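Below is one structure, written out as structure tokens; the observations come after it.
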Amino acid sequence: RSPPLYSSAASDVYKRQVDGVRHECPSNGYTVTWNNSYGCEARNCTTTYPPTPASTLTARSSYKAVSSQECGFVGCVSENAAQAFDVTYRAKETCSVHCYVRECRVVSPESNPLTTHGGTYGSQVVNNVFRCPSNGMAIRSRNSVISGNVLEGGGAADSMGIYLYEGWARDCVITGNTISGFDQGIVIRDAVDLGERFGWIGCVITSNTINKVKVGVNLSRWAYVFTGESGAVVADNVINLTSGSTESDHGGIRVGSWVNGALITNNRVQGQGAGNGVLVKANAANTVLSGNYVSGTKVGVQVDGRTHTQALPPRVFLSARNYLSGASTPLMTANDTEIRDGGAFAGAAVTKPGNPGTATGSDAAVINGVVKALQSLGLVG
């Protein structure tokens with residue numbers, strides 16, 4: 001039985017490597033913490049806790065990087081932690097930069113397998129296996145790369161496989177992950193505090209396989225105001241929904257209210273008789289749909305109307321080369337929704353307003369500029 005290698009008081013470690021530590025912790029505690037360190041790595045370590053609740057969330061963080069740079073963990077294992085991996089920083093000290101978790105395995109974390117805090121930068125979470133009875137990983141670090149991970153949920157209500165939140169998890173790439181068994185697969189989640197909400201998001205969510213979920217990808221906002229372009233891209237994902245009975249409960253991709261300028265392209269959504277393939281919520285703006293394939297949902301694409309005076313007028317829904325199959329209502333739109341259709345909704349009869357032609361009004365220059373750019377890429381007619 002090994003004691004913790006580095007207590008919270010140890011710091012200023014330079015290019016140290018730790019290998020093969022086994023820590024059977026009888027209650028709370030941790031195994032390796034890199035503190036104010038640079039270029040350090042823990043490899044092939046194992047931490048096991050009893051299958052009982054932790055006293056606090058932080059009492060069972062097996063592996064931590066605190067105010068460190070280019071420190072990480074490779075091939076490490078944690079069982080029954082509260083929160084197995086934690087990348088964070090101390091107030092008035094340096095932030096954690098380019099820390100990483102690679103090829104690790106987490107089983108039965110009480111809260112989540114991994115979190116990165118706001119105030120950290122460039123975290124890398126790559127090729128891990130996380131088996132989670134509750135939530136998956138919680139990312140607050142800017143410019144994070146989340147790639148090649150397997151996340152298996154336990155079907156808990158309101159659980160999320162990967163979620164970016166608190167407003168500073170911007171410009172992150174989420175790619176090549178396999179996610180299953182959560183309520184929602186990948187989520188953008190604002191904080192309640194006004195100072196911790198997203199303006200620019202800049203996420204690229206691409207080439208993920210998301211199975212047995214109620215919602216595949218959820219781009220959500222809290223604020224009742226536009227804060228500029230979101231920069232959100234959802235592309236080339238495969239989403240398989242669970243069975244269900246109502247459109248509001250289930251959906252492949254949700255573009256939430258107040259999300260401006262999301263690009264939803266080349267995704268494949270398979271339903272089981274309920275829900276939406278793509279849902280664009282009320283007061284979202286300038287959403288682009290291109291090349292998506294939706295099959296087996298009750299509604300192919302649902303676009304809600306504008307309900308708030310601060311919503312951008314008009315809200316433009318751009319579409320091209322989308323294939324809708326097996327939806328009893330292929331496309332639903334509200335009366336004030338402007339649709340620009342490249343003529344390539346295929347696979348089903350489409351209920352939609354006529355092509356509005358050229359936009360007019362205060363946003364006409366911006367809208368028509370977006371349309372022209374998309375036409376040059378062949379995304380709309």
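Residues are named by chain letter and number: chains run A, B, ... in the order of the structure tokens, numbers start at 1 in each chain, and ligands are numbered from 1 in the order shown.
Residues lying within 9 Å of A:Val77, counting only C-alpha atoms and ignoring same-chain neighbours fewer than 5 positions away, are Asn44, Cys45, Thr46, Thr47, Thr48, Ser62, Ala84, Cys104, Arg105, Val106 and Val107 of chain A.
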*With a distance cut-off of 8 Å and only C-alpha atoms, select the neighbouring residues of A:Gly271, excluding the residue or stretch itself and same-chain residues fewer than 5 positions from it, and output the selection as a list in words.*
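The neighbour list is Asn240, Leu241, Thr242, Ser243, Gly252, Gly277, Val294, Ser295, Gly296, Thr297 and Lys298 of chain A.
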Pick out the residues sitting within 8 Å of A:Thr94, and hand them over as a PDB file with C-alpha atoms, in the first residue's frame; count only C-alpha atoms, and ignore anything fewer than 2 positions along from it in its own chain.
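Now in selection-v1.pdb:
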```pdb
ATOM      1  CA  ASN A  36       3.454  24.378  -9.492  1.00  0.00           C
ATOM      2  CA  SER A  67      -0.946  25.591 -11.379  1.00  0.00           C
ATOM      3  CA  SER A  68       1.329  23.410 -13.518  1.00  0.00           C
ATOM      4  CA  TYR A  89      -5.046  26.321 -10.370  1.00  0.00           C
ATOM      5  CA  ARG A  90      -4.600  28.319  -7.182  1.00  0.00           C
ATOM      6  CA  LYS A  92      -2.748  34.390  -7.463  1.00  0.00           C
ATOM      7  CA  SER A  96      -2.375  25.237 -15.599  1.00  0.00           C
TER       8      SER A  96
END
```
_Using Å and a single decimal, report how far atom CA of A:Ala232 sits from atom CA of A:Gly155._
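Atom CA of A:Ala232 lies at a distance of 26.8 Å from atom CA of A:Gly155.
As for atom CA of A:Asn149 and atom CA of A:Gly176, they are spaced 7.3 Å apart.
With only C-alpha atoms as the basis for measurement, A:Thr175 is the residue among A:Thr175, A:Ile188, A:Phe198, A:Ala262 that approaches A:Val238 most closely.
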*Separation of atom CA of A:Ser257 and atom CA of A:Ala284, in Å?*
4.6 Å
_Can you tell me, as a ChimeraX atom specification, which residues in stretch 53-117 of chain A count as helix (DSSP H, G or I) by DSSP?_
/A:57-60
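Considering only C-alpha atoms, the residue among A:Glu70, A:Glu196, A:Asp249, A:Glu229 positioned nearest to A:Asp158 is A:Asp249.
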Extract, using only C-alpha atoms, all DNA, RNA and protein residues at most 10 Å from A:Val192, discarding same-chain residues fewer than 3 positions from it, and format them as a tab-separated table (two decimals) with C-alpha atoms, in the first residue's frame.
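Result file is selection.tsv:
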```
chain	number	residue	atom	x	y	z
A	166	GLU	CA	-19.04	28.31	-17.34
A	167	GLY	CA	-18.35	30.44	-20.40
A	189	ARG	CA	-23.86	24.71	-20.89
A	195	GLY	CA	-19.82	36.75	-15.72
A	196	GLU	CA	-19.51	33.04	-16.53
A	197	ARG	CA	-21.65	32.79	-19.65
A	222	TRP	CA	-28.86	30.92	-20.63
A	223	ALA	CA	-28.75	34.63	-21.43
```
